[in-house]
file query-v7.cif (mmCIF, C-alpha atoms)
data_target
#
loop_
_atom_site.group_PDB
_atom_site.id
_atom_site.type_symbol
_atom_site.label_atom_id
_atom_site.label_comp_id
_atom_site.auth_asym_id
_atom_site.auth_seq_id
_atom_site.Cartn_x
_atom_site.Cartn_y
_atom_site.Cartn_z
ATOM 1 C CA MET A 1 -20.169 -16.200 -14.138
ATOM 2 C CA ARG A 2 -19.755 -19.396 -12.135
ATOM 3 C CA LEU A 3 -16.452 -20.491 -10.672
ATOM 4 C CA ARG A 4 -14.773 -23.560 -12.097
ATOM 5 C CA SER A 5 -14.309 -26.397 -9.635
ATOM 6 C CA PHE A 6 -11.061 -26.503 -7.655
ATOM 7 C CA ALA A 7 -9.593 -28.209 -4.621
ATOM 8 C CA LEU A 8 -9.582 -26.160 -1.413
ATOM 9 C CA ILE A 9 -6.865 -26.605 1.220
ATOM 10 C CA GLN A 10 -7.380 -24.987 4.627
ATOM 11 C CA PRO A 11 -4.143 -25.193 6.667
ATOM 12 C CA ASP A 12 -4.050 -24.379 10.370
ATOM 13 C CA SER A 13 -0.563 -22.837 10.434
ATOM 14 C CA VAL A 14 1.866 -20.909 8.270
ATOM 15 C CA ALA A 15 4.125 -23.962 8.104
ATOM 16 C CA GLU A 16 1.252 -26.086 6.792
ATOM 17 C CA ALA A 17 0.398 -23.437 4.210
ATOM 18 C CA ILE A 18 4.003 -23.291 2.980
ATOM 19 C CA ALA A 19 4.138 -27.078 2.799
ATOM 20 C CA ALA A 20 0.879 -27.171 0.840
ATOM 21 C CA LEU A 21 2.253 -24.644 -1.632
ATOM 22 C CA GLY A 22 5.380 -26.709 -2.092
ATOM 23 C CA GLU A 23 3.422 -29.895 -2.688
ATOM 24 C CA SER A 24 0.849 -28.373 -5.038
ATOM 25 C CA GLY A 25 3.007 -27.081 -7.862
ATOM 26 C CA ASP A 26 2.648 -23.992 -10.025
ATOM 27 C CA GLY A 27 -1.146 -24.151 -10.196
ATOM 28 C CA ALA A 28 -1.692 -23.337 -6.525
ATOM 29 C CA ARG A 29 -2.825 -19.919 -5.328
ATOM 30 C CA VAL A 30 -3.135 -18.526 -1.807
ATOM 31 C CA ILE A 31 -6.399 -16.786 -0.943
ATOM 32 C CA ALA A 32 -6.960 -14.342 1.914
ATOM 33 C CA GLY A 33 -9.961 -12.027 1.495
ATOM 34 C CA GLY A 34 -10.526 -13.072 -2.109
ATOM 35 C CA THR A 35 -11.431 -9.615 -3.411
ATOM 36 C CA ALA A 36 -8.779 -9.790 -6.141
ATOM 37 C CA LEU A 37 -8.459 -13.525 -6.800
ATOM 38 C CA VAL A 38 -12.142 -14.513 -6.971
ATOM 39 C CA PRO A 39 -13.097 -11.948 -9.669
ATOM 40 C CA MET A 40 -10.133 -13.086 -11.768
ATOM 41 C CA MET A 41 -11.261 -16.699 -11.341
ATOM 42 C CA ARG A 42 -14.806 -15.800 -12.383
ATOM 43 C CA LEU A 43 -13.486 -14.143 -15.540
ATOM 44 C CA GLY A 44 -11.267 -17.122 -16.307
ATOM 45 C CA LEU A 45 -8.109 -15.044 -16.113
ATOM 46 C CA VAL A 46 -6.594 -17.496 -13.638
ATOM 47 C CA ARG A 47 -7.585 -21.104 -12.957
ATOM 48 C CA PRO A 48 -5.854 -22.091 -9.731
ATOM 49 C CA ASP A 49 -6.018 -25.614 -8.406
ATOM 50 C CA PRO A 50 -5.691 -25.988 -5.504
ATOM 51 C CA VAL A 51 -6.629 -22.813 -3.658
ATOM 52 C CA ILE A 52 -4.952 -22.527 -0.254
ATOM 53 C CA ALA A 53 -7.062 -20.482 2.175
ATOM 54 C CA LEU A 54 -5.397 -18.717 5.114
ATOM 55 C CA HIS A 55 -8.484 -17.943 7.215
ATOM 56 C CA ARG A 56 -7.758 -20.737 9.716
ATOM 57 C CA VAL A 57 -4.109 -19.794 10.240
ATOM 58 C CA GLY A 58 -3.681 -18.320 13.705
ATOM 59 C CA GLY A 59 -1.608 -15.238 14.481
ATOM 60 C CA LEU A 60 -2.105 -13.421 11.171
ATOM 61 C CA ALA A 61 -4.952 -11.120 12.191
ATOM 62 C CA GLY A 62 -3.403 -9.067 14.987
ATOM 63 C CA ILE A 63 -2.699 -5.336 15.252
ATOM 64 C CA ARG A 64 -0.224 -4.472 18.007
ATOM 65 C CA THR A 65 2.961 -2.618 18.832
ATOM 66 C CA GLN A 66 6.244 -4.473 19.032
ATOM 67 C CA ALA A 67 9.382 -2.611 20.128
ATOM 68 C CA ASP A 68 7.516 0.663 19.431
ATOM 69 C CA ALA A 69 6.773 -0.395 15.840
ATOM 70 C CA LEU A 70 3.349 -1.252 14.492
ATOM 71 C CA SER A 71 2.892 -4.933 13.682
ATOM 72 C CA VAL A 72 -0.027 -5.819 11.404
ATOM 73 C CA GLY A 73 -0.834 -9.390 10.438
ATOM 74 C CA ALA A 74 -1.442 -10.237 6.799
ATOM 75 C CA MET A 75 -5.048 -11.320 7.455
ATOM 76 C CA VAL A 76 -6.074 -8.010 9.036
ATOM 77 C CA THR A 77 -8.857 -6.539 6.929
ATOM 78 C CA LEU A 78 -8.525 -3.051 5.559
ATOM 79 C CA ALA A 79 -11.672 -2.086 7.458
ATOM 80 C CA ASP A 80 -10.107 -3.159 10.756
ATOM 81 C CA LEU A 81 -6.871 -1.400 9.853
ATOM 82 C CA HIS A 82 -8.790 1.803 9.153
ATOM 83 C CA ARG A 83 -10.793 1.609 12.393
ATOM 84 C CA ALA A 84 -8.085 0.467 14.819
ATOM 85 C CA PRO A 85 -7.544 3.183 17.494
ATOM 86 C CA LEU A 86 -3.835 2.300 17.680
ATOM 87 C CA VAL A 87 -3.355 2.898 13.945
ATOM 88 C CA ARG A 88 -5.533 6.012 13.828
ATOM 89 C CA GLY A 89 -3.693 7.514 16.780
ATOM 90 C CA ARG A 90 -0.062 6.821 15.897
ATOM 91 C CA TRP A 91 -0.045 5.921 12.184
ATOM 92 C CA PRO A 92 -2.949 8.011 10.846
ATOM 93 C CA LEU A 93 -1.607 8.049 7.287
ATOM 94 C CA LEU A 94 -1.997 4.269 7.071
ATOM 95 C CA ALA A 95 -5.484 4.385 8.589
ATOM 96 C CA GLU A 96 -6.497 7.101 6.128
ATOM 97 C CA ALA A 97 -5.257 5.181 3.085
ATOM 98 C CA ALA A 98 -6.894 1.925 4.221
ATOM 99 C CA GLY A 99 -10.192 3.787 4.592
ATOM 100 C CA ARG A 100 -10.066 4.970 0.982
ATOM 101 C CA VAL A 101 -10.011 1.497 -0.579
ATOM 102 C CA ALA A 102 -13.077 0.710 -2.704
ATOM 103 C CA THR A 103 -16.293 0.228 -0.696
ATOM 104 C CA PRO A 104 -17.083 -0.667 2.938
ATOM 105 C CA ALA A 105 -18.090 -4.167 1.838
ATOM 106 C CA ILE A 106 -14.790 -4.752 0.045
ATOM 107 C CA ARG A 107 -12.740 -3.247 2.898
ATOM 108 C CA SER A 108 -14.456 -5.677 5.274
ATOM 109 C CA SER A 109 -13.156 -8.641 3.235
ATOM 110 C CA ALA A 110 -9.933 -7.406 1.663
ATOM 111 C CA THR A 111 -6.783 -8.046 3.695
ATOM 112 C CA LEU A 112 -3.530 -6.137 3.961
ATOM 113 C CA GLY A 113 -1.467 -9.159 2.934
ATOM 114 C CA GLY A 114 -3.660 -9.871 -0.056
ATOM 115 C CA ASN A 115 -3.527 -6.247 -1.159
ATOM 116 C CA LEU A 116 0.273 -6.257 -1.131
ATOM 117 C CA GLY A 117 0.738 -9.787 -2.470
ATOM 118 C CA TYR A 118 -1.405 -9.004 -5.509
ATOM 119 C CA GLY A 119 1.204 -6.418 -6.560
ATOM 120 C CA GLU A 120 -1.366 -3.873 -7.747
ATOM 121 C CA ALA A 121 0.330 -0.684 -8.969
ATOM 122 C CA ALA A 122 -2.793 1.326 -8.101
ATOM 123 C CA SER A 123 -2.973 0.127 -4.498
ATOM 124 C CA ASP A 124 -4.196 2.721 -1.997
ATOM 125 C CA VAL A 125 -2.260 1.414 1.004
ATOM 126 C CA ALA A 126 1.062 0.841 -0.757
ATOM 127 C CA PRO A 127 1.958 4.556 -1.169
ATOM 128 C CA ALA A 128 1.232 5.123 2.535
ATOM 129 C CA LEU A 129 3.421 2.178 3.512
ATOM 130 C CA LEU A 130 6.176 3.464 1.223
ATOM 131 C CA CYS A 131 6.096 6.813 3.026
ATOM 132 C CA LEU A 132 6.180 5.004 6.360
ATOM 133 C CA ASP A 133 9.265 2.911 5.434
ATOM 134 C CA ALA A 134 7.386 -0.306 6.208
ATOM 135 C CA LEU A 135 8.886 -3.787 6.169
ATOM 136 C CA VAL A 136 7.011 -6.761 4.693
ATOM 137 C CA GLU A 137 7.372 -9.970 6.690
ATOM 138 C CA ILE A 138 7.635 -13.111 4.559
ATOM 139 C CA ALA A 139 7.719 -16.805 5.419
ATOM 140 C CA GLY A 140 8.738 -19.463 2.937
ATOM 141 C CA PRO A 141 10.629 -22.715 2.383
ATOM 142 C CA GLY A 142 13.878 -20.958 3.288
ATOM 143 C CA GLY A 143 12.548 -19.580 6.588
ATOM 144 C CA GLU A 144 11.433 -16.091 7.598
ATOM 145 C CA ARG A 145 12.741 -12.783 6.296
ATOM 146 C CA THR A 146 11.765 -9.124 6.031
ATOM 147 C CA VAL A 147 11.890 -7.041 2.876
ATOM 148 C CA PRO A 148 11.750 -3.225 2.843
ATOM 149 C CA ILE A 149 8.625 -2.243 0.990
ATOM 150 C CA THR A 150 10.763 -0.116 -1.323
ATOM 151 C CA ARG A 151 12.116 -3.450 -2.650
ATOM 152 C CA PHE A 152 8.944 -5.519 -2.320
ATOM 153 C CA PHE A 153 7.316 -4.429 -5.598
ATOM 154 C CA THR A 154 9.552 -5.672 -8.385
ATOM 155 C CA GLY A 155 7.506 -5.211 -11.573
ATOM 156 C CA PHE A 156 4.052 -5.085 -13.117
ATOM 157 C CA TYR A 157 1.963 -7.285 -10.768
ATOM 158 C CA GLU A 158 5.229 -8.790 -9.509
ATOM 159 C CA THR A 159 6.613 -8.821 -5.965
ATOM 160 C CA ALA A 160 9.543 -10.184 -3.996
ATOM 161 C CA LEU A 161 7.466 -13.239 -3.022
ATOM 162 C CA GLY A 162 9.200 -16.320 -4.369
ATOM 163 C CA PRO A 163 7.877 -19.855 -4.929
ATOM 164 C CA GLY A 164 6.244 -21.091 -1.740
ATOM 165 C CA ASP A 165 6.448 -17.689 -0.019
ATOM 166 C CA ILE A 166 3.609 -16.109 1.951
ATOM 167 C CA ALA A 167 3.428 -12.518 3.183
ATOM 168 C CA THR A 168 2.660 -12.910 6.893
ATOM 169 C CA GLY A 169 2.536 -9.285 7.990
ATOM 170 C CA VAL A 170 3.872 -5.761 7.889
ATOM 171 C CA ARG A 171 6.001 -3.902 10.414
ATOM 172 C CA VAL A 172 5.846 -0.100 10.439
ATOM 173 C CA PRO A 173 8.404 1.956 12.386
ATOM 174 C CA PRO A 174 7.337 5.034 14.352
ATOM 175 C CA SER A 175 6.629 8.120 12.286
ATOM 176 C CA PRO A 176 8.938 11.128 12.767
ATOM 177 C CA ALA A 177 7.809 13.368 15.610
ATOM 178 C CA GLY A 178 5.453 16.064 14.397
ATOM 179 C CA ALA A 179 5.129 14.594 10.910
ATOM 180 C CA LEU A 180 2.217 15.745 8.752
ATOM 181 C CA GLY A 181 0.717 13.030 6.589
ATOM 182 C CA GLY A 182 -2.071 12.599 4.095
ATOM 183 C CA TYR A 183 -3.357 10.510 1.215
ATOM 184 C CA VAL A 184 -5.384 11.659 -1.794
ATOM 185 C CA LYS A 185 -6.626 9.762 -4.808
ATOM 186 C CA PHE A 186 -8.299 10.576 -8.100
ATOM 187 C CA CYS A 187 -10.613 8.104 -9.799
ATOM 188 C CA SER A 188 -11.685 8.832 -13.361
ATOM 189 C CA ARG A 189 -14.774 6.613 -13.307
ATOM 190 C CA SER A 190 -16.070 6.166 -9.751
ATOM 191 C CA ALA A 191 -14.990 7.299 -6.303
ATOM 192 C CA GLU A 192 -15.022 3.633 -5.285
ATOM 193 C CA ASP A 193 -12.703 2.526 -8.100
ATOM 194 C CA LYS A 194 -8.983 1.964 -7.814
ATOM 195 C CA PRO A 195 -7.122 5.239 -8.244
ATOM 196 C CA LEU A 196 -6.009 6.585 -11.572
ATOM 197 C CA VAL A 197 -3.509 8.462 -9.395
ATOM 198 C CA GLY A 198 -2.893 8.050 -5.667
ATOM 199 C CA VAL A 199 -0.522 10.283 -3.689
ATOM 200 C CA ALA A 200 0.716 9.843 -0.122
ATOM 201 C CA ALA A 201 2.974 12.261 1.721
ATOM 202 C CA LEU A 202 4.698 12.473 5.089
ATOM 203 C CA VAL A 203 6.348 15.820 5.780
ATOM 204 C CA THR A 204 8.247 17.023 8.849
ATOM 205 C CA LEU A 205 8.789 20.762 9.321
ATOM 206 C CA ASP A 206 11.637 22.218 11.346
ATOM 207 C CA ALA A 207 10.108 23.806 14.448
ATOM 208 C CA ALA A 208 12.507 26.769 14.386
ATOM 209 C CA THR A 209 12.547 27.660 10.688
ATOM 210 C CA GLY A 210 9.343 26.135 9.367
ATOM 211 C CA ARG A 211 11.324 24.589 6.551
ATOM 212 C CA CYS A 212 10.948 21.004 5.404
ATOM 213 C CA ALA A 213 13.286 18.825 7.465
ATOM 214 C CA GLU A 214 12.122 15.587 5.867
ATOM 215 C CA ALA A 215 9.796 14.778 2.999
ATOM 216 C CA ARG A 216 8.459 11.441 1.828
ATOM 217 C CA LEU A 217 6.223 11.278 -1.217
ATOM 218 C CA ALA A 218 4.844 8.139 -2.871
ATOM 219 C CA LEU A 219 2.680 7.541 -5.925
ATOM 220 C CA GLY A 220 0.271 4.823 -6.953
ATOM 221 C CA GLY A 221 -1.181 4.099 -10.381
ATOM 222 C CA VAL A 222 1.471 6.014 -12.332
ATOM 223 C CA ALA A 223 4.183 3.392 -12.846
ATOM 224 C CA PRO A 224 4.369 -0.408 -13.143
ATOM 225 C CA THR A 225 4.687 -0.459 -9.339
ATOM 226 C CA PRO A 226 3.894 1.950 -6.500
ATOM 227 C CA VAL A 227 6.921 4.261 -6.246
ATOM 228 C CA ARG A 228 8.625 6.797 -4.016
ATOM 229 C CA ALA A 229 9.056 10.149 -5.729
ATOM 230 C CA GLY A 230 12.701 10.552 -4.767
ATOM 231 C CA THR A 231 13.446 13.563 -6.961
ATOM 232 C CA ALA A 232 10.528 15.480 -5.485
ATOM 233 C CA GLU A 233 11.531 14.493 -1.942
ATOM 234 C CA ARG A 234 15.085 15.758 -2.374
ATOM 235 C CA GLY A 235 13.842 19.026 -3.838
ATOM 236 C CA LEU A 236 11.589 19.686 -0.845
ATOM 237 C CA ARG A 237 14.158 19.103 1.885
ATOM 238 C CA GLY A 238 15.388 22.327 3.382
ATOM 239 C CA GLU A 239 12.742 24.374 1.605
ATOM 240 C CA ALA A 240 9.785 26.277 2.985
ATOM 241 C CA LEU A 241 6.498 24.939 1.634
ATOM 242 C CA THR A 242 5.838 27.960 -0.541
ATOM 243 C CA ASP A 243 3.602 27.769 -3.584
ATOM 244 C CA GLU A 244 6.705 27.840 -5.764
ATOM 245 C CA ALA A 245 8.387 24.976 -3.885
ATOM 246 C CA ILE A 246 5.202 22.910 -4.035
ATOM 247 C CA ARG A 247 4.830 23.470 -7.780
ATOM 248 C CA ALA A 248 8.460 22.423 -8.268
ATOM 249 C CA ALA A 249 7.862 19.279 -6.222
ATOM 250 C CA ALA A 250 4.798 18.443 -8.312
ATOM 251 C CA GLU A 251 6.816 18.795 -11.520
ATOM 252 C CA ALA A 252 9.585 16.658 -10.064
ATOM 253 C CA ALA A 253 7.046 13.991 -9.114
ATOM 254 C CA VAL A 254 5.970 13.821 -12.755
ATOM 255 C CA ALA A 255 9.567 13.000 -13.660
ATOM 256 C CA ASP A 256 9.537 10.215 -11.054
ATOM 257 C CA ALA A 257 6.422 8.655 -12.618
ATOM 258 C CA ASP A 258 6.392 6.202 -15.520
ATOM 259 C CA PRO A 259 2.691 5.844 -16.329
ATOM 260 C CA LEU A 260 0.982 3.497 -18.750
ATOM 261 C CA SER A 261 -2.066 4.236 -20.873
ATOM 262 C CA ASP A 262 -5.179 2.142 -20.328
ATOM 263 C CA LEU A 263 -8.979 2.414 -20.403
ATOM 264 C CA MET A 264 -8.944 4.647 -17.315
ATOM 265 C CA GLY A 265 -6.714 7.295 -18.879
ATOM 266 C CA SER A 266 -3.678 8.003 -21.014
ATOM 267 C CA ALA A 267 -0.135 8.249 -19.725
ATOM 268 C CA GLU A 268 -0.103 11.996 -20.361
ATOM 269 C CA TYR A 269 -3.367 12.464 -18.472
ATOM 270 C CA ARG A 270 -1.881 10.595 -15.526
ATOM 271 C CA ARG A 271 1.121 12.933 -15.580
ATOM 272 C CA ASP A 272 -1.209 15.906 -15.483
ATOM 273 C CA MET A 273 -3.064 14.384 -12.528
ATOM 274 C CA VAL A 274 0.218 13.810 -10.671
ATOM 275 C CA ARG A 275 0.903 17.552 -10.978
ATOM 276 C CA VAL A 276 -2.550 18.421 -9.687
ATOM 277 C CA TRP A 277 -2.792 16.000 -6.782
ATOM 278 C CA VAL A 278 0.751 16.361 -5.463
ATOM 279 C CA ARG A 279 0.197 20.115 -5.394
ATOM 280 C CA ARG A 280 -3.188 19.764 -3.679
ATOM 281 C CA LEU A 281 -1.907 17.350 -1.049
ATOM 282 C CA LEU A 282 1.187 19.370 -0.126
ATOM 283 C CA THR A 283 -0.790 22.609 -0.054
ATOM 284 C CA GLY A 284 -3.392 20.999 2.182
ATOM 285 C CA LEU A 285 -0.757 19.734 4.604
ATOM 286 C CA ARG A 286 0.887 23.156 4.721
ATOM 287 C CA ASP A 287 -2.370 25.005 5.361
ATOM 288 C CA ALA A 288 -3.947 22.532 7.813
ATOM 289 C CA PRO A 289 -4.569 23.938 11.330
ATOM 290 C CA ARG A 290 -1.809 23.060 13.786
ATOM 291 C CA PRO A 291 -2.427 22.211 17.442
ATOM 292 C CA PRO A 292 -1.029 24.895 19.761
ATOM 293 C CA ARG A 293 2.466 24.244 21.109
ATOM 294 C CA GLN A 294 2.620 23.204 24.734
#

call {"tool": "encode", "arguments": {"input": "query-v7.cif", "output": "structure tokens"}}
result
Amino acid sequence: MRLRSFALIQPDSVAEAIAALGESGDGARVIAGGTALVPMMRLGLVRPDPVIALHRVGGLAGIRTQADALSVGAMVTLADLHRAPLVRGRWPLLAEAAGRVATPAIRSSATLGGNLGYGEAASDVAPALLCLDALVEIAGPGGERTVPITRFFTGFYETALGPGDIATGVRVPPSPAGALGGYVKFCSRSAEDKPLVGVAALVTLDAATGRCAEARLALGGVAPTPVRAGTAERGLRGEALTDEAIRAAAEAAVADADPLSDLMGSAEYRRDMVRVWVRRLLTGLRDAPRPPRQ
């Protein structure tokens, strides 16, 4: 299906992009990698005019540390995020989740900012960022601000981005020392599809007792937004990762979910898959080989 004609604006700075949004009215859309917006345009679901492209804006494609936190620009592709040695070495959960998105071709175009700004409940990277307590950096008519990712997703395909706002990057604090992290997803149709259920976890075990000192668990695809499974997290803290404790956490995660039914699967099926994949992920983290203590 051919695209309808539209005006294309290509600003050279964030300030120019914000100004263009303000001048263009409600019909304007920002485009980064285009992997979400262009298919919707082809299907006629949205008809933006103008389209404001960010590919010329400098400073949005960097991956670096800043005050010991990871700073990722909004235009960083998911492929680059997955491959970056800095991310793989110090924030492996984020690298793992980015590497699970769709296909290599899509990861090479899709950007982190576009993925978050789209507000997709079944995002792969959002549960990882929720576990990592990330902050989303936003620029808009009122200046710059940061929003904790726990407050960034506000509803079904809705985010904290207001009129004229642009997500410019993400800041990720250091992970707890010795934390074990992982991301798993289940796709009902194709391994390259968005997840029916996605589960990320970051668990820290007490070195002396082996019990769970801290637990972070996040879910994608099972609520109107990606969510932290707070009930499951609280139940794990202070517990050894026994089979019984893991089963209890999986049941608690079901209570934290609020799934919808769609063509991919019913709400009840999604609840069943939350039980399965939370249990599998936590069991895998518990049983993974540990490097010898120095």

call {"tool": "closest_atom_pairs", "arguments": {"input": "query-v7.cif", "of": "stretch 216-248 of chain A", "to": "stretch 170-191 of chain A", "cutoff": "10 Å", "atoms": "all atoms listed in the file", "output": "tab-separated table"}}
result
residue	atom	partner	partner_atom	distance
A:Arg216	CA	A:Gly181	CA	9.2
A:Leu217	CA	A:Gly181	CA	9.7
A:Ala218	CA	A:Tyr183	CA	9.5
A:Leu219	CA	A:Lys185	CA	9.6
A:Gly220	CA	A:Lys185	CA	8.8
A:Gly221	CA	A:Lys185	CA	9.6

call {"tool": "residues_around", "arguments": {"input": "query-v7.cif", "residues": "A:Phe152", "least_positions_apart": "2", "cutoff": "9 Å", "atoms": "only C-alpha atoms", "output": "list of chain:residue names"}}
result
A:Leu116, A:Gly119, A:Leu135, A:Val136, A:Val147, A:Pro148, A:Ile149, A:Thr150, A:Thr154, A:Glu158, A:Thr159, A:Ala160, A:Leu161

call {"tool": "closest_residue", "arguments": {"input": "query-v7.cif", "among": "A:Leu93, A:Ala110, A:Leu3, A:Leu70", "to": "A:Pro39", "atoms": "all atoms listed in the file"}}
result
A:Leu3

call {"tool": "resolve_selection", "arguments": {"input": "query-v7.cif", "expression": "the PyMOL selection byres ((chain A and resi 44-55) around 9)", "output": "ChimeraX atom specification"}}
result
/A:3-14,17,20-21,24,26-33,37,39-43,56-58,60,75

call {"tool": "resolve_selection", "arguments": {"input": "query-v7.cif", "expression": "the PyMOL selection byres ((chain A and resi 280) around 12)", "output": "PyMOL selection string"}}
result
chain A and resi 182-186+198-201+243+246-247+249-250+273-279+281-288

call {"tool": "atom_distance", "arguments": {"input": "query-v7.cif", "atom1": "atom CA of A:Gly25", "atom2": "atom CA of A:Gly142"}}
result
16.7 Å

call {"tool": "atom_distance", "arguments": {"input": "query-v7.cif", "atom1": "atom CA of A:Ala102", "atom2": "atom CA of A:Asp193"}}
result
5.7 Å

call {"tool": "closest_residue", "arguments": {"input": "query-v7.cif", "among": "A:Gln66, A:Thr35, A:Thr209, A:Thr225", "to": "A:Ser109", "atoms": "all atoms listed in the file"}}
result
A:Thr35

call {"tool": "resolve_selection", "arguments": {"input": "query-v7.cif", "expression": "the PyMOL selection byres ((chain A and resi 267) around 12)", "output": "JSON list (two decimals) with C-alpha atoms, in the coordinates of the input"}}
result
[["chain", "number", "residue", "atom", "x", "y", "z"],
["A", 196, "LEU", "CA", -6.01, 6.58, -11.57],
["A", 197, "VAL", "CA", -3.51, 8.46, -9.40],
["A", 221, "GLY", "CA", -1.18, 4.10, -10.38],
["A", 222, "VAL", "CA", 1.47, 6.01, -12.33],
["A", 223, "ALA", "CA", 4.18, 3.39, -12.85],
["A", 224, "PRO", "CA", 4.37, -0.41, -13.14],
["A", 254, "VAL", "CA", 5.97, 13.82, -12.76],
["A", 257, "ALA", "CA", 6.42, 8.65, -12.62],
["A", 258, "ASP", "CA", 6.39, 6.20, -15.52],
["A", 259, "PRO", "CA", 2.69, 5.84, -16.33],
["A", 260, "LEU", "CA", 0.98, 3.50, -18.75],
["A", 261, "SER", "CA", -2.07, 4.24, -20.87],
["A", 262, "ASP", "CA", -5.18, 2.14, -20.33],
["A", 263, "LEU", "CA", -8.98, 2.41, -20.40],
["A", 264, "MET", "CA", -8.94, 4.65, -17.32],
["A", 265, "GLY", "CA", -6.71, 7.30, -18.88],
["A", 266, "SER", "CA", -3.68, 8.00, -21.01],
["A", 268, "GLU", "CA", -0.10, 12.00, -20.36],
["A", 269, "TYR", "CA", -3.37, 12.46, -18.47],
["A", 270, "ARG", "CA", -1.88, 10.60, -15.53],
["A", 271, "ARG", "CA", 1.12, 12.93, -15.58],
["A", 272, "ASP", "CA", -1.21, 15.91, -15.48],
["A", 273, "MET", "CA", -3.06, 14.38, -12.53],
["A", 274, "VAL", "CA", 0.22, 13.81, -10.67]]

call {"tool": "closest_residue", "arguments": {"input": "query-v7.cif", "among": "A:Gly162, A:Gly73, A:Gly114, A:Pro289", "to": "A:Gly59", "atoms": "all atoms listed in the file"}}
result
A:Gly73

call {"tool": "atom_distance", "arguments": {"input": "query-v7.cif", "atom1": "atom CA of A:Arg211", "atom2": "atom CA of A:Asp124"}}
result
28.1 Å

call {"tool": "residues_near_point", "arguments": {"input": "query-v7.cif", "point": "(7.7, 23.8, 15.4)", "cutoff": "10 Å", "atoms": "all atoms listed in the file", "output": "list in words"}}
result
Gly178, Thr204, Leu205, Asp206, Ala207, Ala208, Thr209, Gly210, Arg211, Arg290, Pro292 and Arg293 of chain A

call {"tool": "residues_near_point", "arguments": {"input": "query-v7.cif", "point": "(-12.6, 3.5, 1.4)", "cutoff": "12 Å", "atoms": "all atoms listed in the file", "output": "NGL selection string"}}
result
:A and (78-83 or 95-108 or 110 or 123-125 or 183-185 or 190-195)

call {"tool": "closest_residue", "arguments": {"input": "query-v7.cif", "among": "A:Asp68, A:Glu144, A:Glu120, A:Glu16", "to": "A:Ala36", "atoms": "all atoms listed in the file"}}
result
A:Glu120

call {"tool": "closest_residue", "arguments": {"input": "query-v7.cif", "among": "A:Val87, A:Ala15, A:Leu241, A:Ala128", "to": "A:Ser71", "atoms": "only C-alpha atoms"}}
result
A:Val87

call {"tool": "closest_residue", "arguments": {"input": "query-v7.cif", "among": "A:Val76, A:Val203, A:Cys212, A:Ile63", "to": "A:Arg88", "atoms": "only C-alpha atoms"}}
result
A:Ile63
